[in-house]
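Asks: For reference, the file model37.csv (CSV, N, CA and C atoms) is included below:
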```csv
chain,number,residue,atom,x,y,z
D,1,MET,N,8.9,9.3,12.1
D,1,MET,CA,9.5,8.0,12.4
D,1,MET,C,10.9,7.9,12.0
D,2,ASP,N,11.8,7.4,12.8
D,2,ASP,CA,13.2,7.3,12.5
D,2,ASP,C,13.4,6.0,11.7
D,3,LEU,N,13.6,6.2,10.4
D,3,LEU,CA,13.7,5.0,9.5
D,3,LEU,C,14.9,4.1,9.8
D,4,SER,N,15.9,4.7,10.4
D,4,SER,CA,17.1,3.9,10.7
D,4,SER,C,16.9,2.9,11.8
D,5,THR,N,15.8,3.0,12.5
D,5,THR,CA,15.5,2.0,13.6
D,5,THR,C,14.7,0.8,13.1
D,6,LEU,N,14.2,0.9,11.9
D,6,LEU,CA,13.3,-0.1,11.3
D,6,LEU,C,14.1,-1.4,10.9
D,7,GLU,N,13.6,-2.5,11.3
D,7,GLU,CA,14.2,-3.8,11.0
D,7,GLU,C,13.2,-4.7,10.3
D,8,PRO,N,13.7,-5.6,9.5
D,8,PRO,CA,12.8,-6.6,8.8
D,8,PRO,C,11.9,-7.3,9.9
D,9,GLY,N,10.6,-7.3,9.5
D,9,GLY,CA,9.6,-7.9,10.4
D,9,GLY,C,8.9,-6.9,11.2
D,10,ASP,N,9.4,-5.6,11.3
D,10,ASP,CA,8.7,-4.6,12.1
D,10,ASP,C,7.4,-4.2,11.5
D,11,PRO,N,6.3,-4.2,12.2
D,11,PRO,CA,5.1,-3.8,11.7
D,11,PRO,C,5.0,-2.3,11.6
D,12,LEU,N,4.4,-1.8,10.5
D,12,LEU,CA,4.2,-0.3,10.4
D,12,LEU,C,2.8,0.1,10.5
D,13,VAL,N,1.9,-0.8,10.1
D,13,VAL,CA,0.4,-0.5,10.2
D,13,VAL,C,-0.3,-1.8,10.2
D,14,ASP,N,-1.4,-1.8,10.9
D,14,ASP,CA,-2.3,-2.9,10.9
D,14,ASP,C,-3.7,-2.4,11.4
D,15,ARG,N,-4.5,-2.0,10.4
D,15,ARG,CA,-5.8,-1.4,10.7
D,15,ARG,C,-6.8,-1.6,9.6
D,16,ASP,N,-8.1,-1.5,10.0
D,16,ASP,CA,-9.2,-1.7,9.0
D,16,ASP,C,-9.5,-0.3,8.4
D,17,ILE,N,-9.8,-0.3,7.1
D,17,ILE,CA,-10.4,0.8,6.5
D,17,ILE,C,-11.6,0.3,5.7
D,18,VAL,N,-12.6,1.1,5.7
D,18,VAL,CA,-13.8,0.8,4.9
D,18,VAL,C,-13.7,1.6,3.6
D,19,ILE,N,-13.7,0.9,2.5
D,19,ILE,CA,-13.6,1.5,1.2
D,19,ILE,C,-15.0,1.8,0.7
D,20,THR,N,-15.3,3.1,0.7
D,20,THR,CA,-16.6,3.6,0.3
D,20,THR,C,-16.7,3.8,-1.2
D,21,ALA,N,-17.9,4.0,-1.7
D,21,ALA,CA,-18.1,4.3,-3.1
D,21,ALA,C,-17.4,5.6,-3.5
D,22,SER,N,-17.4,6.6,-2.6
D,22,SER,CA,-16.8,7.8,-3.0
D,22,SER,C,-15.3,7.6,-3.1
D,23,MET,N,-14.7,6.8,-2.3
D,23,MET,CA,-13.2,6.5,-2.4
D,23,MET,C,-12.9,5.8,-3.7
D,24,ALA,N,-13.7,4.8,-4.1
D,24,ALA,CA,-13.5,4.1,-5.3
D,24,ALA,C,-13.7,5.1,-6.5
D,25,ASP,N,-14.7,5.9,-6.4
D,25,ASP,CA,-15.0,6.9,-7.5
D,25,ASP,C,-13.8,7.9,-7.6
D,26,ALA,N,-13.3,8.3,-6.5
D,26,ALA,CA,-12.1,9.3,-6.5
D,26,ALA,C,-11.0,8.6,-7.2
D,27,TYR,N,-10.7,7.4,-6.9
D,27,TYR,CA,-9.6,6.7,-7.6
D,27,TYR,C,-9.9,6.6,-9.1
D,28,THR,N,-11.0,6.2,-9.5
D,28,THR,CA,-11.3,6.0,-11.0
D,28,THR,C,-11.2,7.4,-11.7
D,29,ARG,N,-11.7,8.5,-11.0
D,29,ARG,CA,-11.5,9.8,-11.6
D,29,ARG,C,-10.1,10.2,-11.7
D,30,ALA,N,-9.3,9.9,-10.7
D,30,ALA,CA,-7.9,10.3,-10.6
D,30,ALA,C,-7.0,9.7,-11.7
D,31,VAL,N,-7.4,8.4,-12.0
D,31,VAL,CA,-6.6,7.7,-13.0
D,31,VAL,C,-7.3,7.7,-14.4
D,32,GLY,N,-8.4,8.4,-14.5
D,32,GLY,CA,-9.1,8.5,-15.8
D,32,GLY,C,-9.7,7.2,-16.3
D,33,ASP,N,-10.1,6.3,-15.4
D,33,ASP,CA,-10.7,5.1,-15.7
D,33,ASP,C,-12.2,5.3,-16.0
D,34,GLU,N,-12.7,5.2,-17.2
D,34,GLU,CA,-14.1,5.5,-17.5
D,34,GLU,C,-14.9,4.2,-17.6
D,35,CYS,N,-14.4,3.1,-17.2
D,35,CYS,CA,-15.1,1.8,-17.2
D,35,CYS,C,-16.2,1.9,-16.1
D,36,ALA,N,-17.4,1.7,-16.5
D,36,ALA,CA,-18.6,1.8,-15.5
D,36,ALA,C,-18.8,0.4,-14.8
D,37,LEU,N,-18.1,-0.6,-15.2
D,37,LEU,CA,-18.3,-1.9,-14.7
D,37,LEU,C,-18.2,-2.0,-13.2
D,38,TYR,N,-17.1,-1.3,-12.6
D,38,TYR,CA,-16.9,-1.3,-11.2
D,38,TYR,C,-18.1,-0.8,-10.4
D,39,ALA,N,-18.6,0.4,-10.8
D,39,ALA,CA,-19.7,1.0,-10.1
D,39,ALA,C,-21.0,0.1,-10.3
D,40,GLU,N,-21.2,-0.4,-11.5
D,40,GLU,CA,-22.4,-1.2,-11.8
D,40,GLU,C,-22.4,-2.5,-11.0
D,41,GLU,N,-21.3,-3.1,-10.7
D,41,GLU,CA,-21.2,-4.3,-10.0
D,41,GLU,C,-20.9,-4.1,-8.5
D,42,GLY,N,-20.7,-2.8,-8.1
D,42,GLY,CA,-20.4,-2.5,-6.7
D,42,GLY,C,-19.0,-3.0,-6.3
D,43,LEU,N,-18.1,-3.0,-7.2
D,43,LEU,CA,-16.7,-3.4,-6.9
D,43,LEU,C,-15.8,-2.2,-6.8
D,44,VAL,N,-14.7,-2.4,-6.0
D,44,VAL,CA,-13.6,-1.5,-5.9
D,44,VAL,C,-12.5,-1.9,-6.9
D,45,PRO,N,-12.0,-1.0,-7.8
D,45,PRO,CA,-11.0,-1.4,-8.7
D,45,PRO,C,-9.8,-2.0,-7.9
D,46,PRO,N,-9.2,-3.1,-8.4
D,46,PRO,CA,-8.1,-3.8,-7.6
D,46,PRO,C,-7.0,-2.8,-7.3
D,47,MET,N,-6.6,-2.0,-8.3
D,47,MET,CA,-5.5,-1.1,-8.0
D,47,MET,C,-5.9,0.0,-7.0
D,48,ALA,N,-7.2,0.3,-6.9
D,48,ALA,CA,-7.6,1.2,-5.8
D,48,ALA,C,-7.3,0.6,-4.5
D,49,VAL,N,-7.6,-0.7,-4.3
D,49,VAL,CA,-7.4,-1.3,-3.0
D,49,VAL,C,-5.9,-1.3,-2.7
D,50,ALA,N,-5.0,-1.6,-3.7
D,50,ALA,CA,-3.6,-1.6,-3.5
D,50,ALA,C,-3.1,-0.2,-3.2
D,51,ALA,N,-3.7,0.8,-3.8
D,51,ALA,CA,-3.3,2.2,-3.6
D,51,ALA,C,-3.6,2.6,-2.1
D,52,LEU,N,-4.8,2.2,-1.7
D,52,LEU,CA,-5.2,2.6,-0.3
D,52,LEU,C,-4.4,1.8,0.7
D,53,VAL,N,-4.0,0.6,0.5
D,53,VAL,CA,-3.1,-0.1,1.4
D,53,VAL,C,-1.8,0.6,1.4
D,54,MET,N,-1.2,0.9,0.3
D,54,MET,CA,0.0,1.7,0.2
D,54,MET,C,-0.1,3.0,0.9
D,55,ALA,N,-1.1,3.7,0.8
D,55,ALA,CA,-1.3,5.0,1.4
D,55,ALA,C,-1.3,4.9,2.9
D,56,GLU,N,-1.9,3.8,3.5
D,56,GLU,CA,-1.8,3.6,4.9
D,56,GLU,C,-0.4,3.4,5.4
D,57,ALA,N,0.4,2.6,4.6
D,57,ALA,CA,1.8,2.4,4.9
D,57,ALA,C,2.6,3.7,4.9
D,58,MET,N,2.4,4.5,3.8
D,58,MET,CA,3.1,5.7,3.7
D,58,MET,C,2.8,6.7,4.8
D,59,GLU,N,1.6,6.7,5.2
D,59,GLU,CA,1.2,7.6,6.3
D,59,GLU,C,1.9,7.2,7.6
D,60,ALA,N,2.2,5.9,7.8
D,60,ALA,CA,2.8,5.4,9.0
D,60,ALA,C,4.3,5.8,9.1
D,61,VAL,N,5.0,5.9,7.9
D,61,VAL,CA,6.4,6.2,7.9
D,61,VAL,C,6.8,7.7,7.7
D,62,SER,N,5.9,8.5,7.2
D,62,SER,CA,6.1,9.9,6.9
D,62,SER,C,7.5,10.1,6.2
D,63,LEU,N,7.5,9.9,5.0
D,63,LEU,CA,8.8,9.9,4.2
D,63,LEU,C,9.2,11.3,3.9
D,64,PRO,N,10.5,11.6,3.8
D,64,PRO,CA,11.0,12.9,3.5
D,64,PRO,C,10.8,13.2,2.0
D,65,ALA,N,10.9,14.5,1.7
D,65,ALA,CA,10.9,15.0,0.3
D,65,ALA,C,12.1,14.3,-0.5
D,66,GLY,N,11.9,14.0,-1.7
D,66,GLY,CA,12.9,13.3,-2.5
D,66,GLY,C,12.8,11.8,-2.5
D,67,THR,N,11.9,11.2,-1.7
D,67,THR,CA,11.7,9.8,-1.7
D,67,THR,C,11.2,9.3,-3.1
D,68,VAL,N,11.7,8.3,-3.6
D,68,VAL,CA,11.2,7.7,-4.9
D,68,VAL,C,10.7,6.3,-4.7
D,69,HIS,N,9.5,6.1,-5.2
D,69,HIS,CA,8.9,4.8,-5.2
D,69,HIS,C,9.5,4.0,-6.4
D,70,THR,N,10.4,3.1,-6.2
D,70,THR,CA,11.2,2.5,-7.3
D,70,THR,C,10.5,1.3,-7.9
D,71,GLY,N,9.6,0.7,-7.2
D,71,GLY,CA,8.9,-0.4,-7.8
D,71,GLY,C,7.9,-1.1,-6.9
D,72,GLN,N,7.1,-2.0,-7.4
D,72,GLN,CA,6.2,-2.8,-6.6
D,72,GLN,C,5.8,-4.0,-7.4
D,73,GLU,N,5.5,-5.0,-6.6
D,73,GLU,CA,4.9,-6.3,-7.2
D,73,GLU,C,3.6,-6.5,-6.4
D,74,LEU,N,2.6,-6.8,-7.1
D,74,LEU,CA,1.3,-7.1,-6.5
D,74,LEU,C,0.6,-8.3,-7.0
D,75,THR,N,-0.1,-9.0,-6.1
D,75,THR,CA,-0.9,-10.1,-6.5
D,75,THR,C,-2.3,-9.9,-5.9
D,76,PHE,N,-3.3,-10.0,-6.8
D,76,PHE,CA,-4.7,-9.8,-6.5
D,76,PHE,C,-5.4,-11.2,-6.4
D,77,SER,N,-6.0,-11.4,-5.2
D,77,SER,CA,-6.6,-12.8,-5.0
D,77,SER,C,-8.1,-12.8,-5.0
D,78,ARG,N,-8.7,-11.7,-4.7
D,78,ARG,CA,-10.2,-11.7,-4.7
D,78,ARG,C,-10.7,-10.3,-4.8
D,79,PRO,N,-12.0,-10.2,-5.3
D,79,PRO,CA,-12.5,-8.8,-5.5
D,79,PRO,C,-13.0,-8.2,-4.1
D,80,VAL,N,-13.0,-6.9,-4.1
D,80,VAL,CA,-13.4,-6.2,-2.9
D,80,VAL,C,-14.7,-5.4,-3.3
D,81,THR,N,-15.7,-5.5,-2.6
D,81,THR,CA,-17.0,-4.8,-2.8
D,81,THR,C,-17.0,-3.5,-2.1
D,82,VAL,N,-17.7,-2.5,-2.6
D,82,VAL,CA,-17.8,-1.2,-2.0
D,82,VAL,C,-18.4,-1.4,-0.6
D,83,ASP,N,-17.9,-0.6,0.3
D,83,ASP,CA,-18.3,-0.6,1.7
D,83,ASP,C,-17.8,-1.8,2.5
D,84,SER,N,-16.8,-2.5,2.0
D,84,SER,CA,-16.1,-3.6,2.7
D,84,SER,C,-15.0,-3.0,3.6
D,85,ALA,N,-14.9,-3.7,4.7
D,85,ALA,CA,-13.7,-3.4,5.6
D,85,ALA,C,-12.5,-4.2,5.2
D,86,VAL,N,-11.5,-3.5,4.8
D,86,VAL,CA,-10.3,-4.2,4.4
D,86,VAL,C,-9.2,-4.0,5.5
D,87,ARG,N,-8.6,-5.0,5.9
D,87,ARG,CA,-7.6,-5.0,6.9
D,87,ARG,C,-6.2,-4.7,6.2
D,88,CYS,N,-5.7,-3.5,6.4
D,88,CYS,CA,-4.5,-3.1,5.8
D,88,CYS,C,-3.3,-3.3,6.7
D,89,SER,N,-2.3,-4.0,6.2
D,89,SER,CA,-1.1,-4.2,7.0
D,89,SER,C,0.2,-4.0,6.2
D,90,ALA,N,1.2,-3.5,6.8
D,90,ALA,CA,2.5,-3.3,6.2
D,90,ALA,C,3.6,-3.6,7.2
D,91,THR,N,4.6,-4.4,6.7
D,91,THR,CA,5.8,-4.7,7.6
D,91,THR,C,7.0,-4.4,6.8
D,92,VAL,N,8.1,-4.2,7.5
D,92,VAL,CA,9.4,-3.9,6.9
D,92,VAL,C,9.9,-5.2,6.4
D,93,ALA,N,10.3,-5.3,5.1
D,93,ALA,CA,10.9,-6.5,4.5
D,93,ALA,C,12.5,-6.3,4.5
D,94,ALA,N,12.9,-5.1,4.2
D,94,ALA,CA,14.4,-4.8,4.1
D,94,ALA,C,14.6,-3.3,4.4
D,95,ASN,N,15.8,-3.0,4.9
D,95,ASN,CA,16.1,-1.6,5.2
D,95,ASN,C,17.6,-1.5,5.3
D,96,SER,N,18.2,-0.8,4.3
D,96,SER,CA,19.6,-0.7,4.2
D,96,SER,C,20.0,0.7,3.6
D,97,VAL,N,21.2,1.1,3.9
D,97,VAL,CA,21.7,2.3,3.3
D,97,VAL,C,23.0,2.1,2.5
D,98,ARG,N,23.0,2.7,1.3
D,98,ARG,CA,24.1,2.6,0.4
D,98,ARG,C,24.3,4.0,-0.2
D,99,ARG,N,25.5,4.5,-0.1
D,99,ARG,CA,25.9,5.8,-0.8
D,99,ARG,C,24.9,6.9,-0.5
D,100,GLY,N,24.5,7.0,0.7
D,100,GLY,CA,23.6,8.1,1.1
D,100,GLY,C,22.1,8.0,0.8
D,101,THR,N,21.8,6.8,0.4
D,101,THR,CA,20.3,6.5,0.1
D,101,THR,C,19.9,5.3,0.9
D,102,ARG,N,18.8,5.4,1.5
D,102,ARG,CA,18.2,4.3,2.3
D,102,ARG,C,17.2,3.6,1.3
D,103,PHE,N,17.4,2.3,1.3
D,103,PHE,CA,16.5,1.4,0.4
D,103,PHE,C,15.6,0.7,1.4
D,104,LEU,N,14.3,1.0,1.3
D,104,LEU,CA,13.3,0.5,2.2
D,104,LEU,C,12.3,-0.3,1.4
D,105,THR,N,12.2,-1.6,1.8
D,105,THR,CA,11.2,-2.5,1.1
D,105,THR,C,10.1,-2.9,2.1
D,106,LEU,N,8.9,-2.7,1.7
D,106,LEU,CA,7.7,-3.0,2.6
D,106,LEU,C,6.9,-4.1,2.0
D,107,ASP,N,6.5,-5.0,2.9
D,107,ASP,CA,5.5,-6.1,2.5
D,107,ASP,C,4.1,-5.5,2.8
D,108,LEU,N,3.2,-5.5,1.9
D,108,LEU,CA,1.9,-5.0,2.0
D,108,LEU,C,0.8,-6.1,1.9
D,109,ARG,N,-0.3,-5.9,2.6
D,109,ARG,CA,-1.4,-6.9,2.5
D,109,ARG,C,-2.7,-6.2,2.8
D,110,GLY,N,-3.7,-6.5,2.0
D,110,GLY,CA,-5.0,-6.1,2.2
D,110,GLY,C,-5.9,-7.3,2.3
D,111,GLU,N,-6.5,-7.5,3.5
D,111,GLU,CA,-7.4,-8.7,3.7
D,111,GLU,C,-8.8,-8.3,3.8
D,112,LEU,N,-9.6,-9.2,3.2
D,112,LEU,CA,-11.1,-9.1,3.3
D,112,LEU,C,-11.6,-10.4,4.0
D,113,ASP,N,-12.2,-10.2,5.1
D,113,ASP,CA,-12.7,-11.4,5.9
D,113,ASP,C,-11.6,-12.4,6.2
D,114,GLY,N,-10.5,-11.9,6.5
D,114,GLY,CA,-9.3,-12.7,6.9
D,114,GLY,C,-8.6,-13.4,5.8
D,115,GLN,N,-9.0,-13.2,4.5
D,115,GLN,CA,-8.3,-13.7,3.4
D,115,GLN,C,-7.7,-12.6,2.5
D,116,PRO,N,-6.5,-12.9,1.9
D,116,PRO,CA,-5.9,-11.8,1.2
D,116,PRO,C,-6.7,-11.4,-0.1
D,117,ALA,N,-6.8,-10.1,-0.3
D,117,ALA,CA,-7.4,-9.5,-1.5
D,117,ALA,C,-6.3,-9.0,-2.4
D,118,VAL,N,-5.3,-8.4,-1.7
D,118,VAL,CA,-4.1,-8.0,-2.4
D,118,VAL,C,-2.9,-8.2,-1.5
D,119,GLU,N,-1.8,-8.6,-2.1
D,119,GLU,CA,-0.5,-8.8,-1.4
D,119,GLU,C,0.6,-8.3,-2.3
D,120,GLY,N,1.6,-7.7,-1.7
D,120,GLY,CA,2.7,-7.2,-2.5
D,120,GLY,C,3.8,-6.7,-1.7
D,121,ARG,N,4.7,-6.1,-2.5
D,121,ARG,CA,6.0,-5.6,-2.0
D,121,ARG,C,6.2,-4.3,-2.7
D,122,ALA,N,6.6,-3.2,-1.9
D,122,ALA,CA,6.9,-1.9,-2.5
D,122,ALA,C,8.4,-1.6,-2.1
D,123,ALA,N,9.1,-1.0,-3.1
D,123,ALA,CA,10.5,-0.6,-2.8
D,123,ALA,C,10.6,0.9,-2.9
D,124,LEU,N,11.3,1.5,-2.0
D,124,LEU,CA,11.5,2.9,-1.9
D,124,LEU,C,12.9,3.3,-1.8
D,125,ALA,N,13.3,4.4,-2.4
D,125,ALA,CA,14.7,4.9,-2.2
D,125,ALA,C,14.5,6.3,-1.5
D,126,VAL,N,15.1,6.3,-0.3
D,126,VAL,CA,14.8,7.5,0.6
D,126,VAL,C,16.2,8.2,0.8
D,127,PRO,N,16.3,9.5,0.5
D,127,PRO,CA,17.5,10.2,0.7
D,127,PRO,C,17.8,10.3,2.2
D,128,GLU,N,19.0,10.1,2.6
D,128,GLU,CA,19.4,10.2,4.0
D,128,GLU,C,19.6,11.7,4.3
D,129,ALA,N,19.3,12.2,5.5
D,129,ALA,CA,19.4,13.6,5.8
D,129,ALA,C,20.8,14.1,5.7
D,130,ASP,N,21.8,13.2,6.0
D,130,ASP,CA,23.2,13.6,6.0
D,130,ASP,C,23.9,13.2,4.7
D,131,GLY,N,23.1,12.6,3.8
D,131,GLY,CA,23.7,12.0,2.6
D,131,GLY,C,23.6,13.0,1.5
```
Could you show the structure in this file as structure tokens?
Replies:
Amino acid sequence: MDLSTLEPGDPLVDRDIVITASMADAYTRAVGDECALYAEEGLVPPMAVAALVMAEAMEAVSLPAGTVHTGQELTFSRPVTVDSAVRCSATVAANSVRRGTRFLTLDLRGELDGQPAVEGRAALAVPEADG
């Protein structure tokens, strides 16, 4: 994807993903979370939901090597249960270039039954090919 053509408001992804127990387990193993509560209650860790929404957005833009995730803000509104279909969406919030680096900000959202489960914003610094 040509990042230079992206403008605020442009959609990047809007699709459903089903978060399975194995996906939630993979997340907890990857981050070393030994709390059994999530599995016992059939819940997906909130940060796992955010990570999956972010992964969907990153897959859509295929960023070059050297990209740095400079920050994010997240708000969690409701729990997500295992095997739930989460609607993942991402839109461009800002896109500018300064001194050979593209600064791309994305608005992220994960909805469950039409209501937000996680909402947030992620900021990326992307090296320009000619920078």
Asks: Please measure the separation of atom C of Ser77 of chain D and atom N of Ala24 of chain D, giving the value in Å to one decimal.
Replies: 18.5 Å
Asks: Counting all atoms listed in the file, what is within 5 Å of Asp16 of chain D, bar same-chain residues fewer than 3 positions away, as a PyMOL selection string?
Replies: chain D and resi 86-88
Asks: What is the atom CA of Ser89 of chain D to atom CA of Glu128 of chain D distance in Å?
Replies: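 Here the two named atoms are 25.2 Å from each other.
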Asks: Would you give me, as a PyMOL selection string, the residues in chain D that DSSP reads as helix (DSSP H, G or I)?
Replies: chain D and resi 3-5+21-31+37-41+46-61
Asks: Take the residues from that selection and write them out as a compact mmCIF listing (two decimals), keeping the file's coordinate frame, keeping N, CA and C atoms.
Replies:
```
# COMPACT_ATOMS: atom_id res chain seq x y z
N LEU D 3 13.60 6.20 10.40
CA LEU D 3 13.70 5.00 9.50
C LEU D 3 14.90 4.10 9.80
N SER D 4 15.90 4.70 10.40
CA SER D 4 17.10 3.90 10.70
C SER D 4 16.90 2.90 11.80
N THR D 5 15.80 3.00 12.50
CA THR D 5 15.50 2.00 13.60
C THR D 5 14.70 0.80 13.10
N ALA D 21 -17.90 4.00 -1.70
CA ALA D 21 -18.10 4.30 -3.10
C ALA D 21 -17.40 5.60 -3.50
N SER D 22 -17.40 6.60 -2.60
CA SER D 22 -16.80 7.80 -3.00
C SER D 22 -15.30 7.60 -3.10
N MET D 23 -14.70 6.80 -2.30
CA MET D 23 -13.20 6.50 -2.40
C MET D 23 -12.90 5.80 -3.70
N ALA D 24 -13.70 4.80 -4.10
CA ALA D 24 -13.50 4.10 -5.30
C ALA D 24 -13.70 5.10 -6.50
N ASP D 25 -14.70 5.90 -6.40
CA ASP D 25 -15.00 6.90 -7.50
C ASP D 25 -13.80 7.90 -7.60
N ALA D 26 -13.30 8.30 -6.50
CA ALA D 26 -12.10 9.30 -6.50
C ALA D 26 -11.00 8.60 -7.20
N TYR D 27 -10.70 7.40 -6.90
CA TYR D 27 -9.60 6.70 -7.60
C TYR D 27 -9.90 6.60 -9.10
N THR D 28 -11.00 6.20 -9.50
CA THR D 28 -11.30 6.00 -11.00
C THR D 28 -11.20 7.40 -11.70
N ARG D 29 -11.70 8.50 -11.00
CA ARG D 29 -11.50 9.80 -11.60
C ARG D 29 -10.10 10.20 -11.70
N ALA D 30 -9.30 9.90 -10.70
CA ALA D 30 -7.90 10.30 -10.60
C ALA D 30 -7.00 9.70 -11.70
N VAL D 31 -7.40 8.40 -12.00
CA VAL D 31 -6.60 7.70 -13.00
C VAL D 31 -7.30 7.70 -14.40
N LEU D 37 -18.10 -0.60 -15.20
CA LEU D 37 -18.30 -1.90 -14.70
C LEU D 37 -18.20 -2.00 -13.20
N TYR D 38 -17.10 -1.30 -12.60
CA TYR D 38 -16.90 -1.30 -11.20
C TYR D 38 -18.10 -0.80 -10.40
N ALA D 39 -18.60 0.40 -10.80
CA ALA D 39 -19.70 1.00 -10.10
C ALA D 39 -21.00 0.10 -10.30
N GLU D 40 -21.20 -0.40 -11.50
CA GLU D 40 -22.40 -1.20 -11.80
C GLU D 40 -22.40 -2.50 -11.00
N GLU D 41 -21.30 -3.10 -10.70
CA GLU D 41 -21.20 -4.30 -10.00
C GLU D 41 -20.90 -4.10 -8.50
N PRO D 46 -9.20 -3.10 -8.40
CA PRO D 46 -8.10 -3.80 -7.60
C PRO D 46 -7.00 -2.80 -7.30
N MET D 47 -6.60 -2.00 -8.30
CA MET D 47 -5.50 -1.10 -8.00
C MET D 47 -5.90 0.00 -7.00
N ALA D 48 -7.20 0.30 -6.90
CA ALA D 48 -7.60 1.20 -5.80
C ALA D 48 -7.30 0.60 -4.50
N VAL D 49 -7.60 -0.70 -4.30
CA VAL D 49 -7.40 -1.30 -3.00
C VAL D 49 -5.90 -1.30 -2.70
N ALA D 50 -5.00 -1.60 -3.70
CA ALA D 50 -3.60 -1.60 -3.50
C ALA D 50 -3.10 -0.20 -3.20
N ALA D 51 -3.70 0.80 -3.80
CA ALA D 51 -3.30 2.20 -3.60
C ALA D 51 -3.60 2.60 -2.10
N LEU D 52 -4.80 2.20 -1.70
CA LEU D 52 -5.20 2.60 -0.30
C LEU D 52 -4.40 1.80 0.70
N VAL D 53 -4.00 0.60 0.50
CA VAL D 53 -3.10 -0.10 1.40
C VAL D 53 -1.80 0.60 1.40
N MET D 54 -1.20 0.90 0.30
CA MET D 54 0.00 1.70 0.20
C MET D 54 -0.10 3.00 0.90
N ALA D 55 -1.10 3.70 0.80
CA ALA D 55 -1.30 5.00 1.40
C ALA D 55 -1.30 4.90 2.90
N GLU D 56 -1.90 3.80 3.50
CA GLU D 56 -1.80 3.60 4.90
C GLU D 56 -0.40 3.40 5.40
N ALA D 57 0.40 2.60 4.60
CA ALA D 57 1.80 2.40 4.90
C ALA D 57 2.60 3.70 4.90
N MET D 58 2.40 4.50 3.80
CA MET D 58 3.10 5.70 3.70
C MET D 58 2.80 6.70 4.80
N GLU D 59 1.60 6.70 5.20
CA GLU D 59 1.20 7.60 6.30
C GLU D 59 1.90 7.20 7.60
N ALA D 60 2.20 5.90 7.80
CA ALA D 60 2.80 5.40 9.00
C ALA D 60 4.30 5.80 9.10
N VAL D 61 5.00 5.90 7.90
CA VAL D 61 6.40 6.20 7.90
C VAL D 61 6.80 7.70 7.70
```
Asks: If I take atom CA of Leu106 of chain D and atom N of Pro46 of chain D, how far is one from the other in Å, to one decimal?
Replies: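 Result for atom CA of Leu106 of chain D versus atom N of Pro46 of chain D: 20.2 Å, one decimal.
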Asks: As number ranges by chain, please: all residues of segment 8-130 of chain D that backbone DSSP puts in strand (DSSP E).
Replies: D: 11-19, 43-44, 68-76, 80-81, 84-98, 101-112, 115-127
Asks: Which residues are near Ala48 of chain D? Cut-off 8 Å, all atoms listed in the file, ignore same chain within fewer than 5 positions. Put them as a PDB file with N, CA and C atoms, keeping the file's coordinate frame.
Replies:
```
ATOM      1  N   MET D  23     -14.700   6.800  -2.300  1.00  0.00           N
ATOM      2  CA  MET D  23     -13.200   6.500  -2.400  1.00  0.00           C
ATOM      3  C   MET D  23     -12.900   5.800  -3.700  1.00  0.00           C
ATOM      4  N   ALA D  24     -13.700   4.800  -4.100  1.00  0.00           N
ATOM      5  CA  ALA D  24     -13.500   4.100  -5.300  1.00  0.00           C
ATOM      6  C   ALA D  24     -13.700   5.100  -6.500  1.00  0.00           C
ATOM      7  N   TYR D  27     -10.700   7.400  -6.900  1.00  0.00           N
ATOM      8  CA  TYR D  27      -9.600   6.700  -7.600  1.00  0.00           C
ATOM      9  C   TYR D  27      -9.900   6.600  -9.100  1.00  0.00           C
ATOM     10  N   THR D  28     -11.000   6.200  -9.500  1.00  0.00           N
ATOM     11  CA  THR D  28     -11.300   6.000 -11.000  1.00  0.00           C
ATOM     12  C   THR D  28     -11.200   7.400 -11.700  1.00  0.00           C
ATOM     13  N   VAL D  53      -4.000   0.600   0.500  1.00  0.00           N
ATOM     14  CA  VAL D  53      -3.100  -0.100   1.400  1.00  0.00           C
ATOM     15  C   VAL D  53      -1.800   0.600   1.400  1.00  0.00           C
ATOM     16  N   MET D  54      -1.200   0.900   0.300  1.00  0.00           N
ATOM     17  CA  MET D  54       0.000   1.700   0.200  1.00  0.00           C
ATOM     18  C   MET D  54      -0.100   3.000   0.900  1.00  0.00           C
TER      19      MET D  54
END
```
Asks: Tell me which of D:Val68, D:Ala129, D:Ala90, D:Ala123 sits closest to Asp107 of chain D, counting all atoms listed in the file.
Replies: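 Smallest separation from Asp107 of chain D among the options: D:Ala90.
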Asks: For Ser4 of chain D, which residue out of D:Asn95, D:Gln72, D:Thr105, D:Ser62 is the nearest one, using only N, CA and C atoms?
Replies: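 Comparing D:Asn95, D:Gln72, D:Thr105, D:Ser62 against Ser4 of chain D, the winner is D:Asn95.
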Asks: Can you pull out every residue within 6 Å of Gly71 of chain D, counting all atoms listed in the file, but drop anything in the same chain fewer than 3 positions away, and send it as a list in words?
Replies: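 The filter keeps Arg121, Ala122, Ala123 and Leu124 of chain D.
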Asks: Okay, now the selection with N, CA and C atoms, as a tab-separated table (two decimals), in the frame of the given file?
Replies:
```tsv
chain	number	residue	atom	x	y	z
D	121	ARG	N	4.70	-6.10	-2.50
D	121	ARG	CA	6.00	-5.60	-2.00
D	121	ARG	C	6.20	-4.30	-2.70
D	122	ALA	N	6.60	-3.20	-1.90
D	122	ALA	CA	6.90	-1.90	-2.50
D	122	ALA	C	8.40	-1.60	-2.10
D	123	ALA	N	9.10	-1.00	-3.10
D	123	ALA	CA	10.50	-0.60	-2.80
D	123	ALA	C	10.60	0.90	-2.90
D	124	LEU	N	11.30	1.50	-2.00
D	124	LEU	CA	11.50	2.90	-1.90
D	124	LEU	C	12.90	3.30	-1.80
```
Asks: Pick the closest to Ala50 of chain D from D:Leu74, D:Asp83, D:Thr20, D:Leu104: which is it, counting all atoms listed in the file?
Replies: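 Looking only at the distances to Ala50 of chain D, the closest residue turns out to be D:Leu74.
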Asks: Which polymer residues, protein or nucleic acid, are no farther than 12 Å from (-21.3, 0.6, -11.0), counting only C-alpha atoms, as a list in words?
Replies: Ala21, Ser22, Ala24, Asp25, Thr28, Glu34, Cys35, Ala36, Leu37, Tyr38, Ala39, Glu40, Glu41, Gly42, Leu43, Val44, Pro45, Thr81 and Val82 of chain D
Asks: For a quick check of understanding, using only C-alpha atoms, which of D:Ile17, D:Ala85, D:Leu6, D:Ala60 has the smallest distance to Gly114 of chain D?
Replies: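 Closest residue, counting only C-alpha atoms: D:Ala85.
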